[in-house]
Amino acid sequence: MKKIVLLVGGRSKTKSLAMSLLKRGYQVTAINDTYEDCLKLAEIDKLTVINGDGTKPFVLEDASAGSADIAIALTSKDEDNLVICELCKKRFSVGKTVALVSDPKKTDFFYKMGIDSVVCAISAVTSIIEQQAFVEEMANIVPIGEGRVQIAEVPVYGNAPVVGKKLWEINLPKEVIIGCILRGDTTMIPRGDTRILAGDMLVLISGNGQEIAAIKELTGR
Amino acid sequence: MGLFTTKKTADYTIIIGCGRLGANLANTLSDGGGNVLIMDKDKDAFRKLSPSFGGLAVVGDGTDFDALQDAQIGKASVVVVVTNNDNANVMIAQLAREVFKVKRVIARLYDPEREYIYHEFGIDTICPAVLSAKEIDKILSKTNEAAGTGMAVSACEVEAK
């Protein structure tokens, strides 16, 4: 059974999301209230596009929201996203609803209203910028599990204090492990006696925001 | 008597949206001696308030947490949400109800199809289209009756002749 995803509102976000979901084998329907945006979206192969206001129950019905597995509200207005998700949840019993919010203070409120997943673009972007600004060495941090767990890619330069040390000699915070070392073309799952060399790329898994401390420990900054 | 009348201070109404309905309601409540705060995004909207309006008029976005907090929404006994945007009304009403725990929340809704979202949260709704339809229906049935009796009379008259 193909999973059915409903995307409501949004233009560029919807476009890229639709393309990646279709590539992964989902069946995708997009609703947009601007005709021009619909034309743009309709250029995507296999995407069903419906022109209408997604906050109206009959438009959602036209998009057969009742059979959707996931509904994602991507409009620029918080109130519209809230209504879209609530309608999908209550009227069309969609299994999972996802809403984009622009006001970070409303995240908790949206969860309280029964929306399964709330994505705040502003706080996501700010946290990424913060991380980038404070830890230059960091190539990449990916939050998972609603941001409670971070996976970070940390390059080790020649001047780093950990070069030549074995893993058990490094004083890492308790909730951080080095899950993987990328050395040249090889990938290795390290043990306590694995030595870190200059030029290694370490993949860290950390909980509770410990990654900054760990990265400081590893890079010496 | 005049000196010692204690005003009921517990009664505090917040109206969000200063359109024709909001302004009218604010004027009425304020004339009746209630504590009223009316909020609107647009300060020009407050022109609709009567000169005798004795409440507070605050410029602010009703969907904004801080604006609602500044208006001391937690102390309000009633919140009336009458902006011209249904979805904003849904959100403000739910914020008032679920976050700020306001006992009575009344919202205006243009589209009656979204009504049941409110009922689940115990929010009272007013739908102008439904009310107008009922009212028009009432007027129609009245005029029909009148026309009906008129017809009957003329029929009698014809018979009498």
# chains A, B, ... in the order shown; residues from 1 in each chain; ligands from 1

$ interface_residues --of "chain A" --to "chain B" --cutoff "12 Å" --atoms "only C-alpha atoms" --output "CSV table (one decimal) with N, CA and C atoms, in the first residue's frame"
chain,number,residue,atom,x,y,z
A,53,ASP,N,-8.7,26.6,-1.1
A,53,ASP,CA,-8.3,27.0,0.3
A,53,ASP,C,-8.4,25.8,1.2
A,54,GLY,N,-7.2,25.3,1.6
A,54,GLY,CA,-7.1,24.1,2.4
A,54,GLY,C,-7.7,24.2,3.8
A,55,THR,N,-8.1,25.4,4.2
A,55,THR,CA,-8.8,25.5,5.5
A,55,THR,C,-10.3,25.2,5.4
A,56,LYS,N,-10.7,25.0,4.2
A,56,LYS,CA,-12.2,24.7,4.0
A,56,LYS,C,-12.4,23.2,3.9
A,57,PRO,N,-13.3,22.7,4.7
A,57,PRO,CA,-13.5,21.3,4.7
A,57,PRO,C,-13.8,20.7,3.3
A,58,PHE,N,-14.6,21.4,2.5
A,58,PHE,CA,-15.0,20.8,1.2
A,58,PHE,C,-13.8,20.6,0.3
A,59,VAL,N,-12.8,21.6,0.4
A,59,VAL,CA,-11.6,21.5,-0.4
A,59,VAL,C,-10.8,20.2,0.0
A,77,LYS,N,0.7,31.2,7.3
A,77,LYS,CA,-0.1,31.7,8.5
A,77,LYS,C,-0.3,30.6,9.5
A,78,ASP,N,0.1,30.9,10.7
A,78,ASP,CA,0.0,29.9,11.8
A,78,ASP,C,-1.4,29.4,12.0
A,79,GLU,N,-2.4,30.4,11.9
A,79,GLU,CA,-3.8,30.1,12.2
A,79,GLU,C,-4.3,29.1,11.1
A,80,ASP,N,-3.9,29.3,9.9
A,80,ASP,CA,-4.3,28.5,8.8
A,80,ASP,C,-3.8,27.0,9.0
A,81,ASN,N,-2.5,27.0,9.4
A,81,ASN,CA,-1.9,25.6,9.6
A,81,ASN,C,-2.6,24.9,10.7
A,82,LEU,N,-3.0,25.6,11.8
A,82,LEU,CA,-3.7,25.0,12.9
A,82,LEU,C,-5.0,24.5,12.5
A,83,VAL,N,-5.8,25.3,11.7
A,83,VAL,CA,-7.1,24.8,11.3
A,83,VAL,C,-7.0,23.7,10.3
A,84,ILE,N,-6.0,23.7,9.4
A,84,ILE,CA,-5.9,22.6,8.5
A,84,ILE,C,-5.6,21.3,9.2
A,85,CYS,N,-4.7,21.4,10.2
A,85,CYS,CA,-4.4,20.1,10.9
A,85,CYS,C,-5.6,19.7,11.8
A,86,GLU,N,-6.3,20.6,12.4
A,86,GLU,CA,-7.4,20.2,13.2
A,86,GLU,C,-8.5,19.6,12.4
A,87,LEU,N,-8.7,20.2,11.2
A,87,LEU,CA,-9.8,19.6,10.3
A,87,LEU,C,-9.3,18.2,9.9
A,88,CYS,N,-8.1,18.1,9.5
A,88,CYS,CA,-7.6,16.7,9.0
A,88,CYS,C,-7.7,15.7,10.1
A,89,LYS,N,-7.4,16.1,11.3
A,89,LYS,CA,-7.4,15.2,12.5
A,89,LYS,C,-8.8,14.8,12.9
A,90,LYS,N,-9.6,15.8,13.0
A,90,LYS,CA,-10.9,15.6,13.6
A,90,LYS,C,-12.0,15.1,12.6
A,91,ARG,N,-12.0,15.8,11.5
A,91,ARG,CA,-13.0,15.5,10.5
A,91,ARG,C,-12.6,14.3,9.6
A,102,SER,N,5.4,29.7,12.5
A,102,SER,CA,6.4,30.7,12.3
A,102,SER,C,6.8,31.3,13.7
A,103,ASP,N,5.8,31.3,14.6
A,103,ASP,CA,6.0,31.9,15.9
A,103,ASP,C,6.5,30.7,16.9
A,104,PRO,N,7.8,30.8,17.3
A,104,PRO,CA,8.3,29.7,18.2
A,104,PRO,C,7.5,29.5,19.5
A,105,LYS,N,6.9,30.6,19.9
A,105,LYS,CA,6.1,30.5,21.2
A,105,LYS,C,4.9,29.6,21.1
A,106,LYS,N,4.4,29.4,19.8
A,106,LYS,CA,3.2,28.7,19.7
A,106,LYS,C,3.4,27.2,19.5
A,107,THR,N,4.7,26.7,19.5
A,107,THR,CA,4.9,25.3,19.3
A,107,THR,C,4.2,24.4,20.3
A,108,ASP,N,4.3,24.8,21.6
A,108,ASP,CA,3.7,24.0,22.7
A,108,ASP,C,2.2,24.0,22.5
A,109,PHE,N,1.7,25.2,22.2
A,109,PHE,CA,0.2,25.3,22.0
A,109,PHE,C,-0.3,24.4,20.9
A,110,PHE,N,0.4,24.3,19.8
A,110,PHE,CA,0.0,23.5,18.7
A,110,PHE,C,0.0,22.0,19.1
A,111,TYR,N,1.1,21.6,19.9
A,111,TYR,CA,1.1,20.2,20.4
A,111,TYR,C,-0.1,20.0,21.3
A,112,LYS,N,-0.4,20.9,22.1
A,112,LYS,CA,-1.6,20.8,23.0
A,112,LYS,C,-2.9,20.6,22.3
A,113,MET,N,-3.0,21.2,21.1
A,113,MET,CA,-4.2,21.2,20.3
A,113,MET,C,-4.3,19.8,19.6
A,114,GLY,N,-3.3,18.9,19.8
A,114,GLY,CA,-3.4,17.6,19.2
A,114,GLY,C,-2.7,17.4,17.9

$ residues_around --residues "A:Ser76" --least-positions-apart "3" --cutoff "12 Å" --atoms "only C-alpha atoms" --output "PyMOL selection string"
chain A and resi 8-14+32+73+79-82+99-103+120-121

$ write_last_selection --atoms "C-alpha atoms" --output "mmCIF file, in the first residue's frame"
data_model
loop_
_atom_site.group_PDB
_atom_site.id
_atom_site.type_symbol
_atom_site.label_atom_id
_atom_site.label_comp_id
_atom_site.auth_asym_id
_atom_site.auth_seq_id
_atom_site.Cartn_x
_atom_site.Cartn_y
_atom_site.Cartn_z
ATOM 1 C CA VAL A 8 -1.390 22.080 2.072
ATOM 2 C CA GLY A 9 -0.162 25.536 1.109
ATOM 3 C CA GLY A 10 3.399 26.657 0.565
ATOM 4 C CA ARG A 11 5.205 27.000 -2.724
ATOM 5 C CA SER A 12 8.902 26.226 -2.767
ATOM 6 C CA LYS A 13 8.733 24.096 0.373
ATOM 7 C CA THR A 14 5.862 22.091 -1.069
ATOM 8 C CA ASN A 32 -2.779 25.483 -2.909
ATOM 9 C CA ALA A 73 0.320 22.163 6.630
ATOM 10 C CA GLU A 79 -3.762 30.050 12.209
ATOM 11 C CA ASP A 80 -4.342 28.456 8.822
ATOM 12 C CA ASN A 81 -1.950 25.631 9.616
ATOM 13 C CA LEU A 82 -3.699 25.030 12.919
ATOM 14 C CA ALA A 99 2.237 21.822 11.045
ATOM 15 C CA LEU A 100 4.737 24.515 10.267
ATOM 16 C CA VAL A 101 4.703 27.420 12.735
ATOM 17 C CA SER A 102 6.430 30.734 12.348
ATOM 18 C CA ASP A 103 6.043 31.867 15.947
ATOM 19 C CA CYS A 120 9.210 25.739 13.794
ATOM 20 C CA ALA A 121 11.322 27.027 10.948
#

$ select_by_dssp --residues "stretch 13-159 of chain A" --states "strand (DSSP E or B)" --output "JSON list (two decimals) with N, CA and C atoms, in the first residue's frame"
[["chain", "number", "residue", "atom", "x", "y", "z"],
["A", 27, "GLN", "N", 2.39, 8.56, -2.36],
["A", 27, "GLN", "CA", 1.42, 9.18, -3.25],
["A", 27, "GLN", "C", 1.12, 10.57, -2.69],
["A", 28, "VAL", "N", 1.34, 11.61, -3.45],
["A", 28, "VAL", "CA", 1.28, 12.96, -2.89],
["A", 28, "VAL", "C", 0.20, 13.81, -3.56],
["A", 29, "THR", "N", -0.58, 14.51, -2.72],
["A", 29, "THR", "CA", -1.55, 15.48, -3.22],
["A", 29, "THR", "C", -1.20, 16.84, -2.62],
["A", 30, "ALA", "N", -1.19, 17.87, -3.47],
["A", 30, "ALA", "CA", -0.90, 19.22, -2.96],
["A", 30, "ALA", "C", -2.13, 20.09, -3.12],
["A", 31, "ILE", "N", -2.41, 20.88, -2.09],
["A", 31, "ILE", "CA", -3.51, 21.85, -2.17],
["A", 31, "ILE", "C", -2.90, 23.23, -2.07],
["A", 32, "ASN", "N", -3.30, 24.13, -2.97],
["A", 32, "ASN", "CA", -2.78, 25.48, -2.91],
["A", 32, "ASN", "C", -3.87, 26.44, -3.36],
["A", 48, "THR", "N", -0.63, 15.17, -7.66],
["A", 48, "THR", "CA", -2.00, 15.64, -7.82],
["A", 48, "THR", "C", -2.09, 17.02, -7.22],
["A", 49, "VAL", "N", -2.60, 17.98, -7.97],
["A", 49, "VAL", "CA", -2.68, 19.35, -7.46],
["A", 49, "VAL", "C", -4.13, 19.80, -7.42],
["A", 50, "ILE", "N", -4.50, 20.40, -6.32],
["A", 50, "ILE", "CA", -5.86, 20.91, -6.18],
["A", 50, "ILE", "C", -5.81, 22.39, -5.83],
["A", 51, "ASN", "N", -6.54, 23.19, -6.60],
["A", 51, "ASN", "CA", -6.55, 24.62, -6.37],
["A", 51, "ASN", "C", -7.71, 24.96, -5.45],
["A", 70, "ILE", "N", -0.82, 11.01, 6.07],
["A", 70, "ILE", "CA", -0.11, 12.12, 6.70],
["A", 70, "ILE", "C", -0.59, 13.42, 6.06],
["A", 71, "ALA", "N", -0.86, 14.43, 6.88],
["A", 71, "ALA", "CA", -1.21, 15.75, 6.35],
["A", 71, "ALA", "C", -0.17, 16.74, 6.85],
["A", 72, "ILE", "N", 0.35, 17.54, 5.94],
["A", 72, "ILE", "CA", 1.38, 18.51, 6.31],
["A", 72, "ILE", "C", 0.90, 19.90, 5.90],
["A", 73, "ALA", "N", 0.80, 20.81, 6.90],
["A", 73, "ALA", "CA", 0.32, 22.16, 6.63],
["A", 73, "ALA", "C", 1.52, 23.10, 6.54],
["A", 96, "LYS", "N", -1.53, 11.13, 10.91],
["A", 96, "LYS", "CA", -0.47, 12.00, 11.43],
["A", 96, "LYS", "C", -0.59, 13.38, 10.80],
["A", 97, "THR", "N", -0.53, 14.40, 11.66],
["A", 97, "THR", "CA", -0.60, 15.76, 11.15],
["A", 97, "THR", "C", 0.68, 16.51, 11.52],
["A", 98, "VAL", "N", 1.16, 17.27, 10.57],
["A", 98, "VAL", "CA", 2.39, 18.05, 10.78],
["A", 98, "VAL", "C", 2.09, 19.50, 10.44],
["A", 99, "ALA", "N", 2.48, 20.41, 11.32],
["A", 99, "ALA", "CA", 2.24, 21.82, 11.04],
["A", 99, "ALA", "C", 3.53, 22.61, 11.13],
["A", 100, "LEU", "N", 3.63, 23.58, 10.23],
["A", 100, "LEU", "CA", 4.74, 24.51, 10.27],
["A", 100, "LEU", "C", 4.26, 25.71, 11.10],
["A", 101, "VAL", "N", 5.07, 26.18, 12.03],
["A", 101, "VAL", "CA", 4.70, 27.42, 12.73],
["A", 101, "VAL", "C", 5.80, 28.44, 12.54],
["A", 117, "SER", "N", 3.02, 16.67, 15.06],
["A", 117, "SER", "CA", 4.39, 17.14, 14.92],
["A", 117, "SER", "C", 4.38, 18.61, 14.53],
["A", 118, "VAL", "N", 5.11, 19.42, 15.27],
["A", 118, "VAL", "CA", 5.13, 20.86, 15.01],
["A", 118, "VAL", "C", 6.55, 21.26, 14.65],
["A", 119, "VAL", "N", 6.68, 21.88, 13.49],
["A", 119, "VAL", "CA", 8.00, 22.27, 13.03],
["A", 119, "VAL", "C", 8.09, 23.78, 13.04],
["A", 120, "CYS", "N", 9.05, 24.29, 13.77],
["A", 120, "CYS", "CA", 9.21, 25.74, 13.79],
["A", 120, "CYS", "C", 10.45, 26.11, 13.00],
["A", 140, "ASN", "N", 28.45, 19.55, 10.32],
["A", 140, "ASN", "CA", 27.04, 19.22, 10.20],
["A", 140, "ASN", "C", 26.49, 18.70, 11.52],
["A", 141, "ILE", "N", 25.34, 19.21, 11.92],
["A", 141, "ILE", "CA", 24.65, 18.62, 13.07],
["A", 141, "ILE", "C", 23.22, 18.31, 12.64],
["A", 142, "VAL", "N", 22.80, 17.12, 12.85],
["A", 142, "VAL", "CA", 21.44, 16.75, 12.48],
["A", 142, "VAL", "C", 20.66, 16.39, 13.74],
["A", 143, "PRO", "N", 19.61, 17.15, 14.05],
["A", 143, "PRO", "CA", 18.81, 16.77, 15.22],
["A", 143, "PRO", "C", 17.84, 15.67, 14.85],
["A", 144, "ILE", "N", 17.69, 14.68, 15.70],
["A", 144, "ILE", "CA", 16.64, 13.68, 15.50],
["A", 144, "ILE", "C", 15.86, 13.51, 16.79],
["A", 149, "VAL", "N", 18.15, 14.28, 20.40],
["A", 149, "VAL", "CA", 19.39, 13.59, 20.07],
["A", 149, "VAL", "C", 20.02, 14.30, 18.88],
["A", 150, "GLN", "N", 21.32, 14.49, 18.92],
["A", 150, "GLN", "CA", 22.00, 15.14, 17.81],
["A", 150, "GLN", "C", 23.03, 14.18, 17.23],
["A", 151, "ILE", "N", 23.09, 14.17, 15.91],
["A", 151, "ILE", "CA", 24.18, 13.46, 15.26],
["A", 151, "ILE", "C", 25.07, 14.53, 14.64],
["A", 152, "ALA", "N", 26.36, 14.52, 15.00],
["A", 152, "ALA", "CA", 27.26, 15.57, 14.52],
["A", 152, "ALA", "C", 28.44, 14.97, 13.79],
["A", 153, "GLU", "N", 28.87, 15.71, 12.77],
["A", 153, "GLU", "CA", 30.04, 15.30, 12.01],
["A", 153, "GLU", "C", 31.17, 16.23, 12.43],
["A", 154, "VAL", "N", 32.23, 15.70, 13.01],
["A", 154, "VAL", "CA", 33.31, 16.57, 13.49],
["A", 154, "VAL", "C", 34.64, 16.20, 12.83],
["A", 155, "PRO", "N", 35.20, 17.10, 12.05],
["A", 155, "PRO", "CA", 36.50, 16.82, 11.45],
["A", 155, "PRO", "C", 37.63, 17.03, 12.47]]

$ closest_residue --among "A:Val162, A:Val125, A:Leu39, A:Leu47" --to "A:Lys23" --atoms "only C-alpha atoms"
A:Leu47

$ atom_distance --atom1 "atom CA of B:Lys48" --atom2 "atom CA of B:Asn24"
8.0 Å

$ residues_around --residues "B:Ser30" --least-positions-apart "6" --cutoff "7 Å" --atoms "only C-alpha atoms" --output "ChimeraX atom specification"
/B:36,53-55

$ residues_around --residues "stretch 210-221 of chain A" --least-positions-apart "4" --cutoff "6 Å" --atoms "only C-alpha atoms" --output "JSON, numbers by chain"
{"A": [160, 161, 162, 172, 206]}

$ write_last_selection --atoms "N, CA and C atoms" --output "short mmCIF file (atom, residue, chain, number, x, y, z; two decimals), in the first residue's frame"
data_model
loop_
_atom_site.label_atom_id
_atom_site.label_comp_id
_atom_site.auth_asym_id
_atom_site.auth_seq_id
_atom_site.Cartn_x
_atom_site.Cartn_y
_atom_site.Cartn_z
N ALA A 160 44.45 19.25 16.75
CA ALA A 160 43.44 18.92 17.77
C ALA A 160 44.08 18.12 18.91
N PRO A 161 43.65 18.35 20.16
CA PRO A 161 44.25 17.67 21.30
C PRO A 161 44.05 16.15 21.31
N VAL A 162 43.09 15.66 20.56
CA VAL A 162 42.78 14.23 20.62
C VAL A 162 43.58 13.41 19.61
N LEU A 172 35.18 12.40 27.22
CA LEU A 172 33.94 12.87 26.59
C LEU A 172 32.81 12.97 27.62
N SER A 206 24.85 12.30 20.33
CA SER A 206 24.80 12.88 21.67
C SER A 206 23.38 13.20 22.07
#

$ residues_around --residues "A:Gly158" --least-positions-apart "6" --cutoff "12 Å" --atoms "only C-alpha atoms" --output "PyMOL selection string"
chain A and resi 164+196-201+218-220

$ residues_around --residues "A:Ile177" --least-positions-apart "3" --cutoff "9 Å" --atoms "only C-alpha atoms" --output "list in words"
Leu172, Pro173, Lys174, Cys180, Val203, Leu204, Ile205 and Ser206 of chain A
